[in-house]
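Here is work_12.txt, consisting of compact mmCIF, C-alpha atoms:
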```
# COMPACT_ATOMS: atom_id res chain seq x y z
CA MET K 158 20.97 23.03 -19.56
CA GLU K 159 20.66 19.90 -17.45
CA ARG K 160 21.97 21.49 -14.27
CA HIS K 161 19.84 24.54 -14.87
CA PHE K 162 16.74 22.33 -14.96
CA ASP K 163 17.68 20.60 -11.70
CA GLU K 164 18.31 23.92 -10.03
CA ASN K 165 14.93 25.24 -11.12
CA LEU K 166 13.24 22.06 -9.94
CA GLN K 167 14.92 22.45 -6.54
CA ALA K 168 13.74 26.05 -6.36
CA LEU K 169 10.21 24.90 -7.18
CA LYS K 170 10.28 22.40 -4.30
CA TYR K 171 11.71 25.02 -1.97
CA HIS K 172 8.91 27.47 -2.78
CA LEU K 173 6.23 24.82 -2.24
CA MET K 174 7.75 23.96 1.16
CA LYS K 175 7.83 27.62 2.11
CA MET K 176 4.18 28.07 1.09
CA SER K 177 3.22 25.00 3.12
CA ALA K 178 5.06 26.29 6.21
CA MET K 179 3.28 29.61 5.84
CA ALA K 180 -0.11 27.90 5.57
CA GLU K 181 0.69 25.96 8.74
CA VAL K 182 1.38 29.16 10.68
CA MET K 183 -1.87 30.63 9.32
CA ILE K 184 -3.88 27.66 10.59
CA ALA K 185 -2.19 27.78 14.01
CA ASP K 186 -2.83 31.51 14.36
CA ALA K 187 -6.43 31.24 13.17
CA ILE K 188 -7.10 28.58 15.81
CA LYS K 189 -5.37 30.74 18.41
CA ALA K 190 -7.89 33.46 17.55
CA VAL K 191 -10.71 30.96 18.12
CA VAL K 192 -9.48 29.22 21.27
CA GLU K 193 -7.68 32.05 23.08
CA ARG K 194 -9.91 34.81 21.68
CA ASN K 195 -6.65 36.44 20.69
CA GLU K 196 -7.19 39.35 18.31
CA THR K 197 -3.54 40.25 17.89
CA VAL K 198 -2.83 37.34 15.55
CA ILE K 199 -5.51 38.37 13.05
CA PRO K 200 -3.64 40.95 10.90
CA GLY K 201 -0.76 38.50 10.41
CA VAL K 202 -3.08 35.85 8.99
CA TYR K 203 -4.41 38.32 6.40
CA GLN K 204 -0.89 39.43 5.50
CA ARG K 205 0.26 35.86 5.02
CA GLU K 206 -2.73 35.16 2.81
CA GLU K 207 -1.56 37.87 0.42
CA GLN K 208 1.94 36.41 0.43
CA VAL K 209 0.55 32.95 -0.29
CA ASN K 210 -1.45 34.38 -3.21
CA HIS K 211 1.71 35.88 -4.70
CA MET K 212 3.59 32.62 -4.20
CA GLN K 213 0.88 30.68 -5.99
CA VAL K 214 1.20 32.91 -9.07
CA GLU K 215 5.00 32.60 -9.02
CA ILE K 216 4.91 28.83 -8.69
CA ASP K 217 2.49 28.46 -11.61
CA GLU K 218 4.76 30.58 -13.78
CA THR K 219 7.77 28.50 -12.72
CA CYS K 220 5.94 25.31 -13.72
CA LEU K 221 5.09 26.75 -17.14
CA LYS K 222 8.67 27.91 -17.70
CA LEU K 223 10.16 24.58 -16.62
CA ILE K 224 8.03 22.77 -19.19
CA ALA K 225 8.42 25.31 -22.00
CA LEU K 226 12.19 25.74 -21.68
CA HIS K 227 13.32 22.23 -20.79
CA GLN K 228 10.76 19.89 -22.34
CA PRO K 229 11.16 17.51 -19.42
CA ALA K 230 10.92 13.72 -19.68
CA ALA K 231 7.66 11.96 -18.73
CA GLY K 232 8.49 11.48 -15.03
CA ASP K 233 9.57 15.08 -14.51
CA LEU K 234 6.62 16.35 -16.51
CA ARG K 235 4.27 14.42 -14.24
CA PHE K 236 6.02 15.91 -11.21
CA ILE K 237 5.70 19.47 -12.55
CA LEU K 238 2.02 19.03 -13.37
CA GLY K 239 1.63 17.60 -9.86
CA ALA K 240 3.40 20.65 -8.45
CA ALA K 241 0.95 22.97 -10.23
CA LYS K 242 -1.93 21.02 -8.73
CA ALA K 243 -0.40 20.85 -5.22
CA ASN K 244 0.17 24.61 -5.52
CA ALA K 245 -3.58 25.16 -6.02
CA GLU K 246 -4.37 22.93 -3.03
CA LEU K 247 -1.98 24.88 -0.80
CA GLU K 248 -3.53 28.17 -1.77
CA ARG K 249 -7.04 26.86 -1.09
CA LEU K 250 -6.17 25.42 2.30
CA ALA K 251 -4.49 28.67 3.31
CA ASP K 252 -7.76 30.41 2.38
CA GLU K 253 -9.60 28.25 4.90
CA SER K 254 -7.62 30.02 7.64
CA ILE K 255 -9.28 33.25 6.56
CA ASN K 256 -12.68 31.58 6.84
CA ILE K 257 -11.74 30.46 10.36
CA ILE K 258 -10.55 33.97 11.30
CA GLN K 259 -13.87 35.44 10.18
CA ARG K 260 -15.80 32.99 12.38
CA ALA K 261 -13.39 33.79 15.26
CA GLN K 262 -14.12 37.50 14.87
CA SER K 263 -17.82 36.77 15.03
CA LEU K 264 -17.33 34.58 18.14
CA MET K 265 -15.40 37.32 19.94
CA LYS K 266 -18.46 39.57 19.82
CA GLU K 267 -20.32 37.25 22.22
CA PRO K 268 -19.45 35.70 25.59
CA ALA K 269 -17.29 32.60 25.36
CA LEU K 270 -19.02 29.25 25.01
CA LYS K 271 -17.55 26.29 26.91
CA PRO K 272 -14.24 25.12 25.40
CA PHE K 273 -14.54 22.42 22.75
CA GLU K 274 -11.26 20.54 22.86
CA ILE K 275 -12.00 18.84 19.59
CA ILE K 276 -11.26 22.08 17.71
CA PRO K 277 -7.56 22.36 18.72
CA GLU K 278 -7.21 18.59 18.29
CA MET K 279 -8.59 18.81 14.74
CA ALA K 280 -6.29 21.76 14.03
CA MET K 281 -3.24 19.80 15.20
CA ILE K 282 -4.11 16.86 12.95
CA ALA K 283 -4.85 19.13 9.98
CA ARG K 284 -1.54 20.99 10.36
CA GLY K 285 0.39 17.73 10.52
CA MET K 286 -1.41 16.52 7.40
CA VAL K 287 -0.49 19.68 5.51
CA ARG K 288 3.19 19.43 6.49
CA ASP K 289 3.51 15.72 5.80
CA SER K 290 1.54 15.74 2.54
CA LEU K 291 3.89 18.41 1.18
CA HIS K 292 6.95 16.51 2.48
CA SER K 293 5.64 13.39 0.81
CA PHE K 294 5.24 15.29 -2.46
CA VAL K 295 8.65 16.97 -2.67
CA ASN K 296 10.45 13.82 -1.48
CA ARG K 297 8.27 11.49 -3.60
CA ASN K 298 7.59 9.49 -0.44
CA VAL K 299 4.48 7.36 -1.08
CA ASP K 300 4.57 5.67 2.33
CA LEU K 301 4.20 9.01 4.05
CA ALA K 302 1.51 10.01 1.53
CA ARG K 303 -0.53 6.90 2.35
CA GLU K 304 -0.12 7.53 6.04
CA VAL K 305 -1.58 11.02 5.59
CA LEU K 306 -4.61 9.51 3.83
CA LEU K 307 -5.31 7.40 6.92
CA ARG K 308 -5.23 10.42 9.21
CA ASP K 309 -8.05 12.01 7.22
CA ASP K 310 -10.45 9.38 8.59
CA ARG K 311 -9.65 10.50 12.13
CA LEU K 312 -10.38 14.09 11.16
CA ASP K 313 -13.73 13.08 9.64
CA ASP K 314 -14.67 11.21 12.82
CA LEU K 315 -13.86 14.24 14.95
CA LYS K 316 -15.91 16.46 12.63
CA ASP K 317 -18.93 14.13 12.98
CA SER K 318 -18.49 13.96 16.72
CA ILE K 319 -18.37 17.73 17.24
CA ALA K 320 -21.29 18.21 14.82
CA GLN K 321 -23.42 15.92 16.96
CA GLU K 322 -22.34 17.62 20.17
CA LEU K 323 -23.00 21.12 18.80
CA THR K 324 -26.38 20.14 17.36
CA GLU K 325 -27.47 18.90 20.78
CA TYR K 326 -26.12 22.08 22.32
CA MET K 327 -28.14 24.26 19.94
CA THR K 328 -31.28 22.24 20.62
CA ARG K 329 -30.90 22.64 24.39
CA ASP K 330 -29.85 26.28 24.49
CA SER K 331 -31.30 28.61 21.89
CA ALA K 332 -29.12 31.48 23.12
CA ALA K 333 -26.06 29.51 21.97
CA VAL K 334 -27.23 28.86 18.40
CA SER K 335 -25.13 31.38 16.53
CA ARG K 336 -21.97 30.63 18.53
CA ALA K 337 -22.39 26.88 18.15
CA LEU K 338 -22.95 27.41 14.44
CA ASN K 339 -19.70 29.34 14.16
CA LEU K 340 -17.83 26.52 15.89
CA LEU K 341 -19.48 23.96 13.63
CA LEU K 342 -18.36 25.89 10.56
CA ILE K 343 -14.82 26.13 11.96
CA SER K 344 -14.72 22.34 12.33
CA ARG K 345 -15.82 22.06 8.68
CA TYR K 346 -13.05 24.41 7.56
CA LEU K 347 -10.50 22.29 9.41
CA GLU K 348 -11.87 19.19 7.77
CA ARG K 349 -11.54 20.93 4.38
CA ILE K 350 -7.88 21.60 5.17
CA GLY K 351 -7.50 17.87 5.73
CA ASP K 352 -9.21 17.24 2.39
CA HIS K 353 -6.72 19.46 0.59
CA ALA K 354 -3.82 17.66 2.30
CA THR K 355 -5.42 14.38 1.22
CA ASN K 356 -5.52 15.70 -2.33
CA ILE K 357 -1.81 16.56 -2.18
CA SER K 358 -1.01 13.05 -0.91
CA GLU K 359 -3.00 11.52 -3.75
CA ILE K 360 -1.14 13.71 -6.23
CA THR K 361 2.12 12.34 -4.74
CA ILE K 362 1.06 8.74 -5.31
CA PHE K 363 -0.11 9.62 -8.83
CA VAL K 364 3.24 11.26 -9.61
CA VAL K 365 5.43 8.52 -8.15
CA GLU K 366 3.53 5.38 -9.06
CA GLY K 367 1.78 6.69 -12.16
CA ARG K 368 -1.35 5.24 -10.59
CA ASP K 369 -4.38 7.24 -9.80
CA VAL K 370 -5.59 6.71 -6.26
CA ARG K 371 -7.63 9.83 -6.14
CA HIS K 372 -10.83 7.89 -6.26
CA HIS K 373 -9.81 5.10 -3.91
CA ALA K 374 -12.82 5.73 -1.70
CA ASP K 375 -15.25 8.50 -0.92
CA GLN K 376 -12.81 10.15 1.43
CA LYS K 377 -12.93 13.41 -0.44
CA VAL K 378 -16.65 13.78 -0.02
CA GLU K 379 -17.62 15.36 3.21
CA GLY K 380 -20.60 13.27 4.27
CA MET U 300 1.66 16.10 -36.43
CA GLU U 301 0.02 19.50 -36.46
CA ARG U 302 -3.44 18.21 -37.27
CA HIS U 303 -3.07 15.41 -34.74
CA PHE U 304 -2.39 17.98 -32.01
CA ASP U 305 -5.44 20.03 -32.98
CA GLU U 306 -7.63 16.93 -32.99
CA ASN U 307 -6.43 15.96 -29.52
CA LEU U 308 -7.00 19.47 -28.28
CA GLN U 309 -10.56 19.38 -29.64
CA ALA U 310 -11.14 16.03 -27.91
CA LEU U 311 -9.86 17.54 -24.65
CA LYS U 312 -12.36 20.39 -24.92
CA TYR U 313 -15.16 18.00 -25.78
CA HIS U 314 -14.45 15.85 -22.70
CA LEU U 315 -14.36 18.88 -20.42
CA MET U 316 -17.73 20.03 -21.81
CA LYS U 317 -19.18 16.57 -21.27
CA MET U 318 -17.91 16.49 -17.70
CA SER U 319 -19.40 19.93 -17.06
CA ALA U 320 -22.79 18.87 -18.47
CA MET U 321 -22.72 15.80 -16.24
CA ALA U 322 -21.91 17.92 -13.17
CA GLU U 323 -24.84 20.18 -14.02
CA VAL U 324 -27.25 17.24 -14.09
CA MET U 325 -25.84 16.04 -10.76
CA ILE U 326 -26.49 19.42 -9.15
CA ALA U 327 -30.03 19.58 -10.55
CA ASP U 328 -30.84 16.07 -9.32
CA ALA U 329 -29.30 16.65 -5.90
CA ILE U 330 -31.49 19.74 -5.45
CA LYS U 331 -34.51 17.77 -6.66
CA ALA U 332 -33.80 15.33 -3.82
CA VAL U 333 -33.76 18.26 -1.38
CA VAL U 334 -36.74 20.25 -2.63
CA GLU U 335 -39.09 17.51 -3.86
CA ARG U 336 -37.87 14.90 -1.33
CA ASN U 337 -37.43 12.71 -4.39
CA GLU U 338 -35.42 9.58 -3.59
CA THR U 339 -35.46 8.12 -7.08
CA VAL U 340 -32.82 10.55 -8.37
CA ILE U 341 -30.24 9.52 -5.76
CA PRO U 342 -28.66 6.41 -7.37
CA GLY U 343 -28.11 8.34 -10.61
CA VAL U 344 -26.11 11.03 -8.82
CA TYR U 345 -23.78 8.43 -7.31
CA GLN U 346 -23.36 6.71 -10.69
CA ARG U 347 -22.50 9.97 -12.39
CA GLU U 348 -19.97 10.75 -9.70
CA GLU U 349 -18.08 7.58 -10.62
CA GLN U 350 -18.21 8.51 -14.28
CA VAL U 351 -16.90 11.98 -13.46
CA ASN U 352 -14.03 10.43 -11.50
CA HIS U 353 -13.05 8.31 -14.50
CA MET U 354 -13.28 11.31 -16.79
CA GLN U 355 -11.00 13.30 -14.53
CA VAL U 356 -8.28 10.63 -14.72
CA GLU U 357 -8.62 10.42 -18.52
CA ILE U 358 -8.42 14.18 -18.96
CA ASP U 359 -5.28 14.43 -16.83
CA GLU U 360 -3.62 11.72 -18.90
CA THR U 361 -4.67 13.52 -22.10
CA CYS U 362 -3.07 16.73 -20.83
CA LEU U 363 0.18 14.92 -20.01
CA LYS U 364 0.26 13.22 -23.42
CA LEU U 365 -0.48 16.44 -25.29
CA ILE U 366 2.49 18.14 -23.64
CA ALA U 367 4.88 15.17 -23.84
CA LEU U 368 4.16 14.27 -27.49
CA HIS U 369 3.66 17.67 -29.05
CA GLN U 370 5.76 20.08 -26.99
CA PRO U 371 3.18 22.80 -27.55
CA ALA U 372 3.97 26.50 -27.88
CA ALA U 373 3.58 28.82 -24.88
CA GLY U 374 -0.09 29.73 -25.51
CA ASP U 375 -1.20 26.14 -25.99
CA LEU U 376 0.86 25.00 -23.03
CA ARG U 377 -0.89 27.56 -20.86
CA PHE U 378 -4.25 26.31 -22.15
CA ILE U 379 -3.40 22.67 -21.39
CA LEU U 380 -2.19 23.48 -17.88
CA GLY U 381 -5.42 25.45 -17.46
CA ALA U 382 -7.41 22.43 -18.67
CA ALA U 383 -5.76 20.22 -16.02
CA LYS U 384 -6.72 22.77 -13.38
CA ALA U 385 -10.28 23.24 -14.67
CA ASN U 386 -10.55 19.45 -14.68
CA ALA U 387 -9.81 19.34 -10.95
CA GLU U 388 -12.37 22.09 -10.30
CA LEU U 389 -15.06 20.18 -12.21
CA GLU U 390 -14.42 17.02 -10.24
CA ARG U 391 -14.60 18.89 -6.94
CA LEU U 392 -17.81 20.67 -7.79
CA ALA U 393 -19.41 17.41 -8.88
CA ASP U 394 -18.44 16.02 -5.46
CA GLU U 395 -20.46 18.76 -3.81
CA SER U 396 -23.58 17.16 -5.30
CA ILE U 397 -22.82 14.06 -3.25
CA ASN U 398 -22.55 16.20 -0.13
CA ILE U 399 -25.95 17.71 -0.97
CA ILE U 400 -27.48 14.26 -1.56
CA GLN U 401 -26.27 13.10 1.85
CA ARG U 402 -27.93 16.09 3.54
CA ALA U 403 -31.10 15.42 1.49
CA GLN U 404 -31.16 11.83 2.73
CA SER U 405 -30.88 13.07 6.29
CA LEU U 406 -33.70 15.61 5.69
CA MET U 407 -36.03 12.93 4.32
CA LYS U 408 -35.94 11.13 7.67
CA GLU U 409 -37.81 14.01 9.32
CA PRO U 410 -41.01 15.92 8.47
CA ALA U 411 -40.52 18.63 5.87
CA LEU U 412 -39.57 22.09 7.05
CA LYS U 413 -41.16 25.05 5.28
CA PRO U 414 -39.81 25.54 1.74
CA PHE U 415 -36.81 27.82 1.45
CA GLU U 416 -36.96 29.24 -2.04
CA ILE U 417 -33.42 30.51 -1.80
CA ILE U 418 -32.09 26.96 -2.18
CA PRO U 419 -33.45 26.32 -5.72
CA GLU U 420 -32.54 29.88 -6.65
CA MET U 421 -28.95 29.34 -5.52
CA ALA U 422 -28.86 26.03 -7.39
CA MET U 423 -30.01 27.70 -10.60
CA ILE U 424 -27.32 30.37 -10.35
CA ALA U 425 -24.64 27.81 -9.48
CA ARG U 426 -25.55 25.58 -12.44
CA GLY U 427 -25.45 28.53 -14.82
CA MET U 428 -22.05 29.51 -13.45
CA VAL U 429 -20.69 26.00 -14.01
CA ARG U 430 -21.96 25.90 -17.59
CA ASP U 431 -20.79 29.37 -18.52
CA SER U 432 -17.41 29.13 -16.81
CA LEU U 433 -16.65 26.00 -18.82
CA HIS U 434 -17.92 27.63 -22.02
CA SER U 435 -15.74 30.62 -21.31
CA PHE U 436 -12.75 28.31 -20.87
CA VAL U 437 -13.07 26.17 -23.99
CA ASN U 438 -13.97 29.19 -26.15
CA ARG U 439 -11.37 31.44 -24.51
CA ASN U 440 -14.15 33.96 -23.90
CA VAL U 441 -12.94 36.37 -21.21
CA ASP U 442 -16.09 38.53 -21.33
CA LEU U 443 -18.20 35.56 -20.33
CA ALA U 444 -15.63 34.60 -17.69
CA ARG U 445 -15.81 38.04 -16.12
CA GLU U 446 -19.58 37.92 -16.18
CA VAL U 447 -19.48 34.63 -14.22
CA LEU U 448 -17.27 36.29 -11.58
CA LEU U 449 -19.96 38.90 -11.00
CA ARG U 450 -22.64 36.26 -10.47
CA ASP U 451 -20.65 34.80 -7.57
CA ASP U 452 -21.41 37.90 -5.52
CA ARG U 453 -25.14 37.24 -5.88
CA LEU U 454 -24.61 33.67 -4.69
CA ASP U 455 -22.67 34.89 -1.65
CA ASP U 456 -25.45 37.33 -0.78
CA LEU U 457 -28.05 34.57 -0.97
CA LYS U 458 -25.89 32.33 1.21
CA ASP U 459 -25.63 35.08 3.86
CA SER U 460 -29.34 35.75 3.66
CA ILE U 461 -30.40 32.11 4.15
CA ALA U 462 -27.80 31.70 6.93
CA GLN U 463 -29.41 34.55 8.84
CA GLU U 464 -32.91 33.21 8.25
CA LEU U 465 -31.98 29.67 9.33
CA THR U 466 -30.11 30.87 12.42
CA GLU U 467 -33.21 32.75 13.55
CA TYR U 468 -35.31 29.68 12.79
CA MET U 469 -33.08 27.46 14.95
CA THR U 470 -33.18 29.99 17.78
CA ARG U 471 -36.99 30.10 17.74
CA ASP U 472 -37.71 26.40 17.24
CA SER U 473 -35.31 23.93 18.83
CA ALA U 474 -37.10 20.99 17.18
CA ALA U 475 -35.99 22.35 13.81
CA VAL U 476 -32.27 22.62 14.62
CA SER U 477 -30.96 19.56 12.80
CA ARG U 478 -33.11 20.18 9.71
CA ALA U 479 -32.18 23.85 9.54
CA LEU U 480 -28.53 22.85 9.91
CA ASN U 481 -28.82 20.47 6.96
CA LEU U 482 -30.30 23.24 4.84
CA LEU U 483 -27.58 25.62 5.91
CA LEU U 484 -24.91 23.12 4.88
CA ILE U 485 -26.65 22.62 1.52
CA SER U 486 -26.50 26.37 0.89
CA ARG U 487 -22.77 26.25 1.69
CA TYR U 488 -22.24 23.39 -0.77
CA LEU U 489 -24.01 25.40 -3.48
CA GLU U 490 -21.83 28.38 -2.69
CA ARG U 491 -18.76 26.12 -3.02
CA ILE U 492 -19.95 25.08 -6.46
CA GLY U 493 -20.05 28.76 -7.35
CA ASP U 494 -16.49 29.12 -5.98
CA HIS U 495 -15.26 26.33 -8.24
CA ALA U 496 -16.96 27.95 -11.25
CA THR U 497 -15.30 31.22 -10.23
CA ASN U 498 -11.95 29.42 -10.17
CA ILE U 499 -12.56 28.10 -13.71
CA SER U 500 -13.40 31.61 -14.92
CA GLU U 501 -10.22 32.95 -13.36
CA ILE U 502 -8.24 30.18 -15.07
CA THR U 503 -9.81 31.30 -18.38
CA ILE U 504 -8.65 34.89 -17.91
CA PHE U 505 -5.20 33.65 -16.87
CA VAL U 506 -4.95 31.47 -19.98
CA VAL U 507 -6.22 34.06 -22.45
CA GLU U 508 -4.72 37.26 -21.11
CA GLY U 509 -1.70 35.77 -19.40
CA ARG U 510 -2.77 37.85 -16.44
CA ASP U 511 -3.54 36.42 -13.08
CA VAL U 512 -6.86 37.63 -11.74
CA ARG U 513 -7.22 34.85 -9.25
CA HIS U 514 -6.57 37.20 -6.41
CA HIS U 515 -8.56 40.13 -7.72
CA ALA U 516 -10.52 40.33 -4.49
CA ASP U 517 -11.45 38.12 -1.59
CA GLN U 518 -14.24 36.51 -3.55
CA LYS U 519 -12.84 33.03 -3.09
CA VAL U 520 -12.97 33.22 0.66
CA GLU U 521 -16.31 32.28 2.05
CA GLY U 522 -16.79 35.00 4.64
```

Could you render the structure from this file as structure tokens?
Amino acid sequence: MERHFDENLQALKYHLMKMSAMAEVMIADAIKAVVERNETVIPGVYQREEQVNHMQVEIDETCLKLIALHQPAAGDLRFILGAAKANAELERLADESINIIQRAQSLMKEPALKPFEIIPEMAMIARGMVRDSLHSFVNRNVDLAREVLLRDDRLDDLKDSIAQELTEYMTRDSAAVSRALNLLLISRYLERIGDHATNISEITIFVVEGRDVRHHADQKVEG
Amino acid sequence: MERHFDENLQALKYHLMKMSAMAEVMIADAIKAVVERNETVIPGVYQREEQVNHMQVEIDETCLKLIALHQPAAGDLRFILGAAKANAELERLADESINIIQRAQSLMKEPALKPFEIIPEMAMIARGMVRDSLHSFVNRNVDLAREVLLRDDRLDDLKDSIAQELTEYMTRDSAAVSRALNLLLISRYLERIGDHATNISEITIFVVEGRDVRHHADQKVEG
């Protein structure tokens, strides 16, 4: 029984890592659609979203079974509940890639606006946050989790900075309004991805230290 | 033991209902700040957000204790895991009120733009969705849950409609860009609240029917 539980727990971690890796590819491809105006990546993002949806259902069922069949001790129970929550965060952040793709499709219908380098920079930070927050969770690494929380501030600053730049752009050039708006929304979706990674990191600290840091500041609120 | 479990389960439901009622007041007050330019409601929204944060932590601990102490049967276990997930949704949707308040504060610094009646209409729908999704969850009422899912489509339509109107507004009048942008973001926050209520309704159906309807369509993606 004991080994069976450990094996199932390992499988749970493996599936979460796989889902996280898939979400990372989705973000990268969605941003490729935005920056390179590359349409060929689009179908793959939609396909991966369906796979992620299936994985989410599977992972929830695994969590339920692990608890029902093995009646795990307090620490493991906390980890499994954390896994169910991290699972929901991963699915949501993968969904943001679809939001980005839809804005990219709208952008491709008009001539390109000047490149905004903040967008790929934000995407790189957000992807790193997703990867490292999930690593911190499965390895119960609170140092890494805390480090991810710090990176969210950088993402928020970049979001504010591009919002200001795009607002000025829209004010100056009315022909650019709808394109600038699409870019602004894309920056918000990237910031949401960072928020979900932040949530996963906070779940890690909650699971490992039994302390709740989720409301350590107002980091989760967009502002 | 049996009665003790039922009492704790009742308390869990009661706390979720209380949290939902508090979130509803937060949404109403945040929209009052937007529509009536009423500053006096603002401190109350921030105070309630802190209360909601505390409630979230308490509810999670209650869920853990219920599982660890009572080793509930499959149906109850599913309900408790659902409660932990609904708990997270409630906290997130309450947070959206803070995002709305921050946009309202920014709007109050400039002369009022013409009233956009879609905003209070969206707020009314979103509040009803929050209330009814939580009712559907605690009463395991799948009919009500499904009815909430339908209302989300209306909210999405209103969001698209105001986005189009505000984009045209910004294109015509460059002096209105930053105000129109704030209103557009507010409509997005309201739509997010509807998404969270949708998630709670889907959790209800999952808990009651053991079926996963979370990926019944692309409703969760903003588009």

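Nearest to K:Arg249 of all the residues U:Asp494, U:Glu501, U:Glu338, U:Glu348 is U:Asp494, counting all atoms listed in the file.
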
What are the closest atom pairs, with distances in Å to one decimal, for each residue of chain U lying within 9 Å of chain K, using only C-alpha atoms, rows by chain and rising residue number, as CSV?
```
residue,atom,partner,partner_atom,distance
U:Glu349,CA,K:His372,CA,8.5
U:Asn352,CA,K:His372,CA,6.6
U:His353,CA,K:His372,CA,8.5
U:Val356,CA,K:Asp369,CA,7.1
U:Leu363,CA,K:Arg235,CA,7.1
U:Lys364,CA,K:Ala231,CA,8.9
U:Ile366,CA,K:Leu234,CA,8.4
U:Ala367,CA,K:Ala231,CA,6.6
U:Gln370,CA,K:Gln228,CA,6.8
U:Pro371,CA,K:Ala225,CA,8.0
U:Ala372,CA,K:Ala225,CA,7.5
U:Ala373,CA,K:Ala225,CA,6.6
U:Leu376,CA,K:Leu221,CA,7.5
U:Arg377,CA,K:Leu221,CA,7.1
U:Leu380,CA,K:Leu238,CA,7.6
U:Ala383,CA,K:Lys242,CA,8.3
U:Lys384,CA,K:Lys242,CA,6.9
U:Ala387,CA,K:Lys242,CA,8.4
U:Arg391,CA,K:Lys377,CA,8.7
U:Asp394,CA,K:Val378,CA,6.1
U:Glu395,CA,K:Val378,CA,7.3
U:Ile397,CA,K:Val378,CA,7.0
U:Asn398,CA,K:Gly380,CA,5.6
U:Ile399,CA,K:Gly380,CA,8.7
U:Gln401,CA,K:Gly380,CA,6.2
U:Arg402,CA,K:Gly380,CA,7.9
U:Thr466,CA,K:Ser335,CA,6.5
U:Glu467,CA,K:Val334,CA,8.6
U:Met469,CA,K:Val334,CA,6.9
U:Thr470,CA,K:Ser331,CA,4.7
U:Arg471,CA,K:Ser331,CA,7.2
U:Asp472,CA,K:Ser331,CA,8.2
U:Ser473,CA,K:Thr328,CA,4.7
U:Ala474,CA,K:Thr328,CA,6.9
U:Ala475,CA,K:Thr328,CA,8.3
U:Val476,CA,K:Thr328,CA,6.1
U:Ser477,CA,K:Thr324,CA,6.5
U:Leu480,CA,K:Thr324,CA,8.2
U:Asp511,CA,K:Val214,CA,7.1
U:Arg513,CA,K:Asn210,CA,8.4
U:His514,CA,K:Asn210,CA,6.7
U:Lys519,CA,K:Asp252,CA,7.9
U:Val520,CA,K:Asp252,CA,6.2
U:Glu521,CA,K:Asn256,CA,6.1
U:Gly522,CA,K:Asn256,CA,5.8
```

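One distance worth recording is that between atom CA of K:Lys189 and atom CA of K:Ser263, which is 14.2 Å.
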
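Closest to U:Glu420 among U:Arg453, U:Arg445, U:Arg439, U:Lys408 is U:Arg453, based on only C-alpha atoms.
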
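Distance check against K:Asn165 using all atoms listed in the file: of K:Leu247, K:Leu223, K:Ala283, K:Ala261, the minimum falls on K:Leu223.
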
**Request:** Could you check how far atom CA of U:Glu416 sits from atom CA of K:Tyr346, in Å to one decimal?
**Result:**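 Between atom CA of U:Glu416 and atom CA of K:Tyr346 the gap works out to 26.2 Å.
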
**Fill in**
From atom CA of K:Leu264 to atom CA of K:Asn339 the spacing works out at 7.0 Å

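Nearest to K:Leu312 of all the residues K:Leu291, K:Leu166, K:Ile282, K:Ile188 is K:Ile282, based on all atoms listed in the file.
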
**Message:** Which residues are close to U:Ser435, i.e. within 12 Å by only C-alpha atoms, leaving aside same-chain residues fewer than 3 positions away? Reply as an MDAnalysis selection string.
**Reply:** chainID U and resid 312 315:316 382 385 427:432 438:448 496:507

Return stretch 404-413 of chain U, completed with N, CA and C atoms, as a PDB file, keeping the file's coordinate frame.
```pdb
ATOM      1  N   GLN U 404     -30.761  13.115   2.137  1.00  0.00           N
ATOM      2  CA  GLN U 404     -31.160  11.830   2.730  1.00  0.00           C
ATOM      3  C   GLN U 404     -31.457  11.989   4.214  1.00  0.00           C
ATOM      4  N   SER U 405     -30.657  12.802   4.874  1.00  0.00           N
ATOM      5  CA  SER U 405     -30.880  13.070   6.290  1.00  0.00           C
ATOM      6  C   SER U 405     -32.192  13.857   6.487  1.00  0.00           C
ATOM      7  N   LEU U 406     -32.462  14.812   5.607  1.00  0.00           N
ATOM      8  CA  LEU U 406     -33.700  15.610   5.690  1.00  0.00           C
ATOM      9  C   LEU U 406     -34.947  14.762   5.494  1.00  0.00           C
ATOM     10  N   MET U 407     -34.854  13.759   4.626  1.00  0.00           N
ATOM     11  CA  MET U 407     -36.030  12.930   4.320  1.00  0.00           C
ATOM     12  C   MET U 407     -36.474  12.079   5.506  1.00  0.00           C
ATOM     13  N   LYS U 408     -35.597  11.926   6.492  1.00  0.00           N
ATOM     14  CA  LYS U 408     -35.940  11.130   7.670  1.00  0.00           C
ATOM     15  C   LYS U 408     -36.853  11.877   8.623  1.00  0.00           C
ATOM     16  N   GLU U 409     -36.990  13.195   8.428  1.00  0.00           N
ATOM     17  CA  GLU U 409     -37.810  14.010   9.320  1.00  0.00           C
ATOM     18  C   GLU U 409     -38.926  14.693   8.523  1.00  0.00           C
ATOM     19  N   PRO U 410     -39.964  15.187   9.195  1.00  0.00           N
ATOM     20  CA  PRO U 410     -41.010  15.920   8.470  1.00  0.00           C
ATOM     21  C   PRO U 410     -40.415  17.135   7.756  1.00  0.00           C
ATOM     22  N   ALA U 411     -41.048  17.508   6.657  1.00  0.00           N
ATOM     23  CA  ALA U 411     -40.520  18.630   5.870  1.00  0.00           C
ATOM     24  C   ALA U 411     -40.593  19.932   6.647  1.00  0.00           C
ATOM     25  N   LEU U 412     -39.554  20.725   6.532  1.00  0.00           N
ATOM     26  CA  LEU U 412     -39.570  22.090   7.050  1.00  0.00           C
ATOM     27  C   LEU U 412     -40.239  22.962   5.983  1.00  0.00           C
ATOM     28  N   LYS U 413     -40.562  24.178   6.301  1.00  0.00           N
ATOM     29  CA  LYS U 413     -41.160  25.050   5.280  1.00  0.00           C
ATOM     30  C   LYS U 413     -40.192  25.196   4.099  1.00  0.00           C
TER      31      LYS U 413
END
```
